[in-house]
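A short worksheet on the structure shown next.
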Amino acid sequence: CNTTYALTGATNGNQTINAYANDTAGNYALNNSYVVQMDSTNPTSTINAPGNNTWTTDNTPNINITMTDNLDTSITYNIYVNGTINATGPVSNNTSTNVTLDPQPEGLRLIIAEAVDDAGNKANSSILFLKIDSIVPQIQFVSPTEANATTKSRTWIFANVTITEANFQNVTFKLFNSTGLLNETTFTDNRREINWTGLSNTNVQYWYNVSTYDV
């Protein structure tokens, strides 16, 4: 006959199970012995790097993970990006490992590293919020900025630019003459122009540049 028994009180690790059979006359025999690995403990999963809320220009970033288990020497990792598995494979127990994500679009990514041991026990890391911006900001001079190499008799210079950047951080205007840097002004708001005044107009050559940075 087929009979199912529930084992109780077994500890984690390899356990030997002996199955005996006996009849009503008192005869008995060892039917078989089985070695099973008991594992009721979840593994652990940690994302070491990058830090949470990090900005990166790399759209195939490395995610550094460490996973541990009480029994297994190798643990399966699943890296979820916005709820979908992006990378999977084995890692050695308690060993820092880099996993490279497949190409990612611009914007915010929610990343979780799931650890799965041989018994099917699972554990998730904390959520990593990673912001990807691999597009270089675009900047150009626009009217009423003077054309390059313009000659004027006045004591001011006006510069105006347009910037294309979703994650704008700042814009910096720099004015120079033959003695070096005369003025450096940085704006972190929506200002895109500057008027340098009080300048000498006696045979003086000025030049300027404008740079912008994203986050």
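Residues in the structure tokens are numbered from 1 in each chain, the chains being A, B, ... in the order shown, and ligands are numbered from 1 in the order shown.
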When you look at Thr179 of chain A with a cut-off of 12 Å (counting only C-alpha atoms), what residues show up, excluding the ones that are within fewer than 3 positions of it in the same chain? I need them as a PyMOL selection string.
chain A and resi 175-176+182-183+204-207
Please produce a file of those selected residues containing C-alpha atoms, as a tab-separated table (two decimals), in the first residue's frame.
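And here's result.tsv as it stands now:
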```
chain	number	residue	atom	x	y	z
A	175	LEU	CA	33.50	86.22	-20.12
A	176	PHE	CA	37.20	86.67	-20.98
A	182	LEU	CA	36.53	88.53	-16.13
A	183	ASN	CA	33.27	87.02	-14.96
A	204	VAL	CA	39.44	95.52	-26.22
A	205	GLN	CA	38.67	92.05	-27.50
A	206	TYR	CA	36.23	89.94	-25.48
A	207	TRP	CA	35.16	86.37	-25.90
```
DSSP on the backbone, then: every residue of segment 9-212 of chain A marked strand (DSSP E or B), written as a count of residues only.
116
Find, counting only C-alpha atoms, the residue in A:Asn93, A:Thr100, A:Asn121, A:Asn195 that gets nearest to Thr145 of chain A.
A:Asn195
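Those residues that approach segment 165-171 of chain A to within 6 Å, counting only C-alpha atoms, are Pro137, Thr186, Phe187, Thr188, Ser211, Thr212, Tyr213, Asp214 and Val215 of chain A; same-chain residues fewer than 3 positions away are not listed.
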Serialized selection, N, CA, C and O atoms, as an mmCIF file, in the first residue's frame:
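Final file, out.cif:
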```
data_model
loop_
_atom_site.group_PDB
_atom_site.id
_atom_site.type_symbol
_atom_site.label_atom_id
_atom_site.label_comp_id
_atom_site.auth_asym_id
_atom_site.auth_seq_id
_atom_site.Cartn_x
_atom_site.Cartn_y
_atom_site.Cartn_z
ATOM 1 N N PRO A 137 23.512 67.062 -22.977
ATOM 2 C CA PRO A 137 22.702 68.277 -23.162
ATOM 3 C C PRO A 137 23.078 69.014 -24.452
ATOM 4 O O PRO A 137 24.240 69.012 -24.862
ATOM 5 N N THR A 186 26.791 81.403 -12.800
ATOM 6 C CA THR A 186 26.067 80.137 -12.951
ATOM 7 C C THR A 186 24.629 80.314 -12.504
ATOM 8 O O THR A 186 24.360 80.873 -11.431
ATOM 9 N N PHE A 187 23.702 79.829 -13.324
ATOM 10 C CA PHE A 187 22.279 79.844 -13.003
ATOM 11 C C PHE A 187 21.780 78.408 -12.867
ATOM 12 O O PHE A 187 22.140 77.532 -13.663
ATOM 13 N N THR A 188 20.970 78.172 -11.859
ATOM 14 C CA THR A 188 20.343 76.857 -11.684
ATOM 15 C C THR A 188 18.844 76.916 -11.938
ATOM 16 O O THR A 188 18.155 75.907 -11.788
ATOM 17 N N SER A 211 28.385 76.909 -20.881
ATOM 18 C CA SER A 211 28.338 75.446 -20.718
ATOM 19 C C SER A 211 27.150 75.078 -19.844
ATOM 20 O O SER A 211 26.721 75.858 -19.000
ATOM 21 N N THR A 212 26.634 73.886 -20.063
ATOM 22 C CA THR A 212 25.504 73.422 -19.255
ATOM 23 C C THR A 212 25.751 71.992 -18.814
ATOM 24 O O THR A 212 26.455 71.226 -19.497
ATOM 25 N N TYR A 213 25.193 71.632 -17.679
ATOM 26 C CA TYR A 213 25.354 70.295 -17.114
ATOM 27 C C TYR A 213 23.994 69.734 -16.715
ATOM 28 O O TYR A 213 23.101 70.477 -16.309
ATOM 29 N N ASP A 214 23.873 68.429 -16.858
ATOM 30 C CA ASP A 214 22.679 67.765 -16.344
ATOM 31 C C ASP A 214 23.022 67.096 -15.018
ATOM 32 O O ASP A 214 24.163 67.119 -14.566
ATOM 33 N N VAL A 215 22.014 66.502 -14.398
ATOM 34 C CA VAL A 215 22.241 65.894 -13.098
ATOM 35 C C VAL A 215 22.891 64.531 -13.240
ATOM 36 O O VAL A 215 23.318 63.977 -12.252
#
```
Which of these residues is nearest to Thr162 of chain A, using only C-alpha atoms: A:Ala115, A:Ala123, A:Val210, A:Ala21?
A:Val210
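Shortest separation to Ser96 of chain A among A:Ile47, A:Val161, A:Leu110, A:Ile132 occurs at residue A:Ile47, atoms counted being only C-alpha atoms.
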I'd like the neighbourhood of Thr202 of chain A as an MDAnalysis selection string, where a residue qualifies if any of its atoms comes within 10 Å (using only C-alpha atoms), though same-chain residues fewer than 4 positions away should be ignored.
chainID A and resid 153:155
Dump as JSON lines the rows for residues of segment 102-215 of chain A within 6 Å of segment 64-87 of chain A: closest atom pair and distance in Å with one decimal, only C-alpha atoms counted, ordered by chain and rising residue number.
```
{"residue": "A:Leu110", "atom": "CA", "partner": "A:Asn82", "partner_atom": "CA", "distance": 4.9}
{"residue": "A:Ile111", "atom": "CA", "partner": "A:Val81", "partner_atom": "CA", "distance": 4.7}
{"residue": "A:Ile112", "atom": "CA", "partner": "A:Tyr80", "partner_atom": "CA", "distance": 5.1}
{"residue": "A:Ala113", "atom": "CA", "partner": "A:Ile79", "partner_atom": "CA", "distance": 4.6}
{"residue": "A:Glu114", "atom": "CA", "partner": "A:Asn78", "partner_atom": "CA", "distance": 5.0}
{"residue": "A:Ala115", "atom": "CA", "partner": "A:Tyr77", "partner_atom": "CA", "distance": 4.9}
{"residue": "A:Val116", "atom": "CA", "partner": "A:Thr76", "partner_atom": "CA", "distance": 5.1}
{"residue": "A:Asp117", "atom": "CA", "partner": "A:Ile75", "partner_atom": "CA", "distance": 5.3}
```
Between A:Thr185, A:Thr88, A:Asn203, A:Thr151, which has the minimum distance to Leu101 of chain A (counting only C-alpha atoms)?
A:Thr88
Please measure the separation of atom CA of Asn48 of chain A and atom CA of Leu130 of chain A, giving the value in Å to one decimal.
12.9 Å
